[in-house]
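Here the structure is laid out as structure tokens; the discussion comes afterwards.
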Amino acid sequence: MANDGIESHEAPENNGVEQPAATKRPGVRRALLAGVIVAAIGGGAWLLHYETRGKYLEDTNDAYIQADAVTISPKISGYVEQVLVGDNQDVKAGQALVRIDPRDYDAQAQQYQAQIDVAKANADNVRAGIGEQEAGIAQARAQLASAEEDARYAEREAARYAPLAASGAETKTQLANLRNQAAKARAAADAQRAALLSAERRIGSLKAQIRQAEAQGEAAKAQLAAAHVNVGSTVLKASVDGRIGDRTVRAGQFVQAGTRLMSVVPLSKLYVTANFKETQIGLMRPGQPATIQVDALDGTKIRGHVESISPGTGAQFSLLPPQNATGNFTKIVQRVPVRIAIDAGPEARRVLVPGLSVIVTVDTIAAKGSQGAIAKQEEARRDGNR
């Protein structure tokens with residue numbers, strides 16, 4: 001009933017009928033069902049990919065580009081006369097880098113050359129003495145032959161006068177004189193023989209002096225060769241192609257043998273050292289493909305492959321290897337250095353330098369059956385030892 005002609009605007013009653021929930025609406029239910037199906041398909045695809053490929057991809061961000069840099073150090077000491085390269089300059093193998101003042105070493109070489117000449121002169125002098133001695137030997141032989149003939153003549157005369165003196169035809173005094181002369185002649189012959197022997201032995205002594213002079217000459221030649229090596233060492237050359245780094249040498253500086261002057265970094269032989277966890281290397285083998293993501297290239301990925309695996313963990317090659325035979329032991333996952341060869345082109349290599357951080361992913365699927373084979377072999381060995 002209307003009150004004084006005023007209309008009522010109250011909401012109509014629902015007469016006890018509830019409105020349907022949003023999740024019970026057919027459109028919403030179909031959307032939810034489609035979402036569940038898509039999620040299930042995506043999850044299944046991810047699980048399939050993980051089981052077939054993903055779990056065989058081992059990655060680490062504990063990886064850095066490295067190179068076997070060559071340290072340039074002098075073999076000799078001296079003042080640096082000239083530095084022939086600048087910082088960060090590209091050099092070729094055999095290119096001169098530093099020149100050390102060679103004058104001291106040139107003087108040493110000349111001194112040893114003089115010693116060689118002196119030894120040669122001494123040997124020639126002794127050879128000349130041998131020639132003179134051989135002439136004296138010839139003379140001594142002639143004198144010995146003459147003395148021998150005189151002795152034989154005197155002995156024959158004494159022998160011829162002996163029967164005459166016995167018969168009284170000659171005096172015994174005459175025989176005594178002849179025998180005395182024969183004895184003197186024999187003694188003179190013996191003296192000449194001794195002189196000849198002395199002269200011949202003198203030849204041996206002179207030949208020994210020649211060998212001594214020649215030995216001195218050989219020693220001087222060896223010293224001269226060493227001096228020439230030192231002279232050659234005054235010019236330091238690059239042993240590999242690369243780029244100059246960490247140059248600390250300056251012209252006029254005095255350097256000791258072994259002083260580090262600079263380094264030559266072979267940028268064409270860069271590699272990556274990736275420190276994988278010990279739980280990641282079970283299927284890792286040399287030759288497996290790797291992907292290298294370089295931070296300096298805005299995450300650009302380049303190809304590589306596993307070149308070698310370290311024979312020990314990084315801790316084993318530290319200055320103080322860990323000794324875990326203590327009461328307080330905490331197990332820590334160890335890292336194993338793996339060397340990754342870089343298979344990049346020249347454009348990528350142009351910006352790669354040692355020390356850059358990278359992320360390395362190794363595909364180990366090629367060795368997926370090796371762990372099972374190892375387990376079977378060990379089980380067979382255990383059964384065979386029972």
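In the structure tokens, each chain is lettered A, B, ... as it comes, each chain's residues begin at 1, and ligands are numbered from 1 in order of appearance.
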
All strand (DSSP E) positions in region 21-254 of chain A, as a count of residues only: 34

Taking 3 positions as the minimum chain separation for residues in the same chain, which residues sit within 10 Å of Ala226 (chain A) when counting only C-alpha atoms? Answer as a PyMOL selection string. chain A and resi 105+108-109+112+220-223+229-232

Same residues, N, CA and C atoms, saved as an mmCIF file, in the first residue's frame:
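Result file part02.cif:
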```
data_model
loop_
_atom_site.group_PDB
_atom_site.id
_atom_site.type_symbol
_atom_site.label_atom_id
_atom_site.label_comp_id
_atom_site.auth_asym_id
_atom_site.auth_seq_id
_atom_site.Cartn_x
_atom_site.Cartn_y
_atom_site.Cartn_z
ATOM 1 N N TYR A 105 130.227 -7.064 -22.346
ATOM 2 C CA TYR A 105 130.266 -8.441 -22.838
ATOM 3 C C TYR A 105 131.069 -8.534 -24.129
ATOM 4 N N GLN A 108 134.621 -8.783 -22.927
ATOM 5 C CA GLN A 108 134.932 -10.142 -22.477
ATOM 6 C C GLN A 108 135.191 -11.066 -23.661
ATOM 7 N N ALA A 109 134.398 -10.923 -24.687
ATOM 8 C CA ALA A 109 134.603 -11.755 -25.870
ATOM 9 C C ALA A 109 135.965 -11.478 -26.505
ATOM 10 N N TYR A 112 138.739 -13.158 -24.399
ATOM 11 C CA TYR A 112 138.856 -14.598 -24.636
ATOM 12 C C TYR A 112 139.445 -14.884 -26.014
ATOM 13 N N ALA A 220 139.695 -21.401 -23.818
ATOM 14 C CA ALA A 220 139.407 -20.024 -24.207
ATOM 15 C C ALA A 220 138.292 -19.965 -25.257
ATOM 16 N N LYS A 221 138.250 -20.970 -26.142
ATOM 17 C CA LYS A 221 137.183 -21.010 -27.142
ATOM 18 C C LYS A 221 135.821 -21.214 -26.473
ATOM 19 N N ALA A 222 135.791 -22.097 -25.459
ATOM 20 C CA ALA A 222 134.532 -22.309 -24.743
ATOM 21 C C ALA A 222 134.092 -21.026 -24.037
ATOM 22 N N GLN A 223 135.053 -20.338 -23.426
ATOM 23 C CA GLN A 223 134.721 -19.063 -22.782
ATOM 24 C C GLN A 223 134.284 -18.025 -23.803
ATOM 25 N N VAL A 229 127.353 -15.879 -26.325
ATOM 26 C CA VAL A 229 125.976 -16.082 -25.863
ATOM 27 C C VAL A 229 125.518 -14.891 -25.044
ATOM 28 N N ASN A 230 126.400 -14.398 -24.171
ATOM 29 C CA ASN A 230 126.043 -13.224 -23.364
ATOM 30 C C ASN A 230 125.823 -11.996 -24.236
ATOM 31 N N VAL A 231 126.663 -11.858 -25.263
ATOM 32 C CA VAL A 231 126.477 -10.730 -26.181
ATOM 33 C C VAL A 231 125.119 -10.837 -26.874
ATOM 34 N N GLY A 232 124.788 -12.069 -27.310
ATOM 35 C CA GLY A 232 123.475 -12.254 -27.931
ATOM 36 C C GLY A 232 122.328 -12.037 -26.963
#
```

Might you pull out every residue within 9 Å of Arg127 (chain A), with only C-alpha atoms counted and same-chain residues fewer than 5 positions away left off, and present them as a list in words? Asn122, Glu132, Leu206, Lys207 and Ile210 of chain A

Using the chain letters and numbers from this document, which residues of region 177-298 of chain A does DSSP assign to alpha helix (DSSP H), as a ChimeraX atom specification? /A:177-232

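Taking CA of Tyr79 (chain A) and CA of Ile100 (chain A) as endpoints, the distance between them is 5.7 Å.
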
Go through A:Ile116, A:Val83, A:Ile365, A:Ala315 and flag the residue nearest Glu214 (chain A), using only C-alpha atoms for the distances. A:Ile116

Can you tell me which residues surround Ser77 (chain A) at a distance of at most 7 Å, considering only C-alpha atoms, apart from same-chain residues fewer than 2 positions away, and format the answer as a VMD selection string? chain A and resid 255 to 257

Write out the residues from the selection above, keeping N, CA and C atoms, as an mmCIF file, in the first residue's frame.
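Written file, again-v6.cif:
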```cif
data_model
loop_
_atom_site.group_PDB
_atom_site.id
_atom_site.type_symbol
_atom_site.label_atom_id
_atom_site.label_comp_id
_atom_site.auth_asym_id
_atom_site.auth_seq_id
_atom_site.Cartn_x
_atom_site.Cartn_y
_atom_site.Cartn_z
ATOM 1 N N VAL A 255 119.241 -3.542 -14.666
ATOM 2 C CA VAL A 255 118.442 -4.739 -14.397
ATOM 3 C C VAL A 255 119.369 -5.890 -14.028
ATOM 4 N N GLN A 256 118.931 -6.685 -13.084
ATOM 5 C CA GLN A 256 119.640 -7.889 -12.693
ATOM 6 C C GLN A 256 119.133 -9.064 -13.515
ATOM 7 N N ALA A 257 119.955 -10.096 -13.607
ATOM 8 C CA ALA A 257 119.534 -11.310 -14.306
ATOM 9 C C ALA A 257 118.303 -11.881 -13.621
#
```

Using 9 Å as the limit and counting only C-alpha atoms, can you tabulate each residue of region 56-175 of chain A that touches region 340-359 of chain A, with its shortest atom-to-atom distance in Å and the two atoms involved, as CSV?
```
residue,atom,partner,partner_atom,distance
A:Asp59,CA,A:Ile359,CA,7.0
A:Thr60,CA,A:Ile359,CA,5.8
A:Asn61,CA,A:Ile359,CA,4.4
A:Asp62,CA,A:Ile359,CA,7.2
A:Ala63,CA,A:Val358,CA,5.5
A:Tyr64,CA,A:Ser357,CA,4.7
A:Ile65,CA,A:Pro354,CA,4.8
A:Gln66,CA,A:Pro354,CA,4.3
A:Ala67,CA,A:Pro354,CA,5.9
```

Identify, on the basis of only C-alpha atoms, every residue whose closest approach to Ala238 (chain A) does not exceed 12 Å; exclude the query and any residue fewer than 3 positions from it along the same chain; express the result as a PyMOL selection string. chain A and resi 69-74+84-85+89-98+235+241-244+262-266

re CA of Ala107 (chain A) and CA of Gln209 (chain A): distance 28.6 Å

Which residues come within 10 Å of Lys368 (chain A), counting only C-alpha atoms, excluding same-chain residues fewer than 6 positions away, as a list in words?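 Final neighbour list, sorted by chain and number: Lys55, Tyr56, Gly282, Leu283 and Met284 of chain A.
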
Separation of CA of Ala274 (chain A) from CA of Asp298 (chain A), in Å and rounded to one decimal: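 Separation between CA of Ala274 (chain A) and CA of Asp298 (chain A): 19.1 Å.
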